[in-house]
Amino acid sequence: MVQMRTVLRVADNSGAKTVRCINILRRRRQRPSGNVGSELVVSVTANDRSVKTKKVRKGEVHRALVVRAKNEPLRRDGGFVRTGDTAAILLNADGTAPVATRIRGPVSAALDRKRYLKVLSLARVSLFSTAAAHTPKPRAGLAHAETPGPEPARPAFAGRHRGVWRRYH
């Protein structure tokens, strides 16, 4: 989850190392926060020394896209993905294409639904949910009529976990 003044790592080779969130674009009014796929307005707080040709400088204001989050919300299939950090990539002024030419580390596959196919094509690894990887296969020897059907639907709110209500649908 990203809020105002959150410091994020930059997962591309634009020359920025960390950025600070100034504003969250297209947010809900009740909860001004963003997650994977959210567009942000950020300022560059530190430059990356390993990049020779820097496209951005400290103090500049850019648009950014959150590509992975430390705690991603539960997906519709019940799975979730956890990464070690929350990272973003810098976008051009229109917010349509990334500034950089490479993306470091994994990115969430949820960007596919949010029209960021260019980001997915630049990334080497995309993260899918854990439930999609562990779907049960039909057992050998059973006819199609005998295969077990889908599990019964879960309630919208399935319970409390560490003081937070988890939503499954």
# chains A, B, ... in the order shown; residues from 1 in each chain; ligands from 1
call {"tool": "residues_around", "arguments": {"residues": "Asp12 in chain A", "least_positions_apart": "3", "cutoff": "12 Å", "atoms": "only C-alpha atoms", "output": "PyMOL selection string"}}
result
chain A and resi 9+15-19+47-48+50-51+54-56+64-67+87-91+98-107+119+122-124
call {"tool": "write_last_selection", "arguments": {"atoms": "C-alpha atoms", "output": "short mmCIF file (atom, residue, chain, number, x, y, z; two decimals), in the first residue's frame"}}
result
data_model
loop_
_atom_site.label_atom_id
_atom_site.label_comp_id
_atom_site.auth_asym_id
_atom_site.auth_seq_id
_atom_site.Cartn_x
_atom_site.Cartn_y
_atom_site.Cartn_z
CA ARG A 9 12.54 2.07 -4.66
CA GLY A 15 18.97 6.98 -12.88
CA ALA A 16 16.78 7.42 -9.81
CA LYS A 17 17.31 5.20 -6.78
CA THR A 18 14.41 6.25 -4.54
CA VAL A 19 11.34 8.44 -4.99
CA ASN A 47 20.15 9.11 -7.64
CA ASP A 48 21.58 5.72 -8.55
CA SER A 50 25.55 2.62 -10.89
CA VAL A 51 23.74 4.19 -13.86
CA LYS A 54 20.99 9.52 -15.83
CA LYS A 55 17.70 10.58 -17.39
CA VAL A 56 16.41 12.13 -14.15
CA ALA A 64 5.42 6.78 -11.60
CA LEU A 65 3.73 3.39 -11.71
CA VAL A 66 3.78 0.94 -8.79
CA VAL A 67 4.97 -2.40 -10.23
CA ALA A 87 8.90 -0.49 -6.09
CA ALA A 88 7.86 1.85 -8.89
CA ILE A 89 9.05 2.80 -12.35
CA LEU A 90 9.11 6.31 -13.77
CA LEU A 91 6.76 7.22 -16.62
CA PRO A 98 8.29 4.22 -19.15
CA VAL A 99 11.26 6.60 -19.16
CA ALA A 100 13.77 3.77 -18.83
CA THR A 101 14.70 0.95 -21.19
CA ARG A 102 15.04 -1.86 -18.60
CA ILE A 103 13.14 -2.94 -15.52
CA ARG A 104 14.89 -4.63 -12.62
CA GLY A 105 13.25 -7.36 -10.61
CA PRO A 106 9.81 -8.91 -10.92
CA VAL A 107 6.64 -6.99 -11.73
CA VAL A 119 6.02 -2.53 -18.81
CA LEU A 122 10.38 -4.85 -20.57
CA ALA A 123 10.37 -6.89 -17.37
CA ARG A 124 12.14 -10.23 -17.24
#
call {"tool": "residues_around", "arguments": {"residues": "Thr96 in chain A", "least_positions_apart": "2", "cutoff": "10 Å", "atoms": "only C-alpha atoms", "output": "JSON, numbers by chain"}}
result
{"A": [63, 91, 92, 93, 94, 98, 99, 115, 116, 118]}
call {"tool": "select_by_dssp", "arguments": {"residues": "range 69-125 of chain A", "states": "strand (DSSP E or B)", "output": "list in words"}}
result
Asn71, Arg82, Ala87, Ala88, Ile89, Leu90, Leu91, Pro98, Ile103, Val107 and Ser108 of chain A
call {"tool": "write_last_selection", "arguments": {"atoms": "all heavy atoms", "output": "compact mmCIF listing (two decimals), in the first residue's frame"}}
result
# COMPACT_ATOMS: atom_id res chain seq x y z
N ASN A 71 3.05 -5.97 0.34
CA ASN A 71 1.85 -6.73 0.66
C ASN A 71 0.79 -6.39 -0.38
O ASN A 71 0.14 -5.36 -0.31
CB ASN A 71 1.33 -6.40 2.05
CG ASN A 71 2.24 -6.92 3.12
OD1 ASN A 71 2.76 -8.02 3.02
ND2 ASN A 71 2.45 -6.12 4.15
N ARG A 82 3.73 -11.88 -2.25
CA ARG A 82 4.50 -11.00 -1.38
C ARG A 82 5.88 -10.84 -1.95
O ARG A 82 6.51 -11.82 -2.34
CB ARG A 82 4.60 -11.61 0.01
CG ARG A 82 3.59 -11.03 0.90
CD ARG A 82 3.86 -11.28 2.35
NE ARG A 82 2.59 -11.06 3.01
CZ ARG A 82 2.00 -11.95 3.75
NH1 ARG A 82 2.54 -13.10 3.98
NH2 ARG A 82 0.84 -11.67 4.29
N ALA A 87 8.09 -1.16 -5.07
CA ALA A 87 8.90 -0.49 -6.09
C ALA A 87 8.01 0.13 -7.16
O ALA A 87 6.88 -0.30 -7.37
CB ALA A 87 9.87 -1.48 -6.73
N ALA A 88 8.57 1.14 -7.82
CA ALA A 88 7.86 1.85 -8.89
C ALA A 88 8.81 2.08 -10.04
O ALA A 88 10.03 1.99 -9.89
CB ALA A 88 7.31 3.18 -8.38
N ILE A 89 8.24 2.38 -11.20
CA ILE A 89 9.05 2.80 -12.35
C ILE A 89 8.57 4.18 -12.76
O ILE A 89 7.42 4.55 -12.53
CB ILE A 89 8.94 1.82 -13.53
CG1 ILE A 89 7.50 1.71 -14.00
CG2 ILE A 89 9.49 0.46 -13.16
CD1 ILE A 89 7.37 1.04 -15.34
N LEU A 90 9.45 4.95 -13.35
CA LEU A 90 9.11 6.31 -13.77
C LEU A 90 8.49 6.29 -15.15
O LEU A 90 8.95 5.57 -16.04
CB LEU A 90 10.35 7.19 -13.75
CG LEU A 90 11.01 7.35 -12.38
CD1 LEU A 90 12.22 8.26 -12.49
CD2 LEU A 90 10.04 7.91 -11.37
N LEU A 91 7.46 7.10 -15.34
CA LEU A 91 6.76 7.22 -16.62
C LEU A 91 7.02 8.58 -17.23
O LEU A 91 7.46 9.52 -16.54
CB LEU A 91 5.26 7.02 -16.42
CG LEU A 91 4.80 5.70 -15.82
CD1 LEU A 91 3.31 5.74 -15.57
CD2 LEU A 91 5.16 4.55 -16.71
N PRO A 98 7.22 4.04 -20.15
CA PRO A 98 8.29 4.22 -19.15
C PRO A 98 9.43 5.07 -19.70
O PRO A 98 9.70 5.10 -20.91
CB PRO A 98 8.75 2.80 -18.86
CG PRO A 98 8.20 1.94 -19.92
CD PRO A 98 7.07 2.65 -20.56
N ILE A 103 13.80 -2.88 -16.83
CA ILE A 103 13.14 -2.94 -15.52
C ILE A 103 13.81 -4.03 -14.72
O ILE A 103 13.97 -5.15 -15.19
CB ILE A 103 11.63 -3.22 -15.66
CG1 ILE A 103 10.98 -2.05 -16.39
CG2 ILE A 103 10.99 -3.42 -14.31
CD1 ILE A 103 9.52 -2.23 -16.66
N VAL A 107 7.78 -7.90 -11.74
CA VAL A 107 6.64 -6.99 -11.73
C VAL A 107 5.37 -7.84 -11.61
O VAL A 107 5.36 -9.01 -11.94
CB VAL A 107 6.57 -6.11 -12.99
CG1 VAL A 107 7.80 -5.25 -13.12
CG2 VAL A 107 6.37 -6.94 -14.23
N SER A 108 4.32 -7.24 -11.12
CA SER A 108 3.07 -7.96 -10.91
C SER A 108 2.35 -8.18 -12.24
O SER A 108 2.33 -7.30 -13.11
CB SER A 108 2.17 -7.17 -9.97
OG SER A 108 0.95 -7.82 -9.83
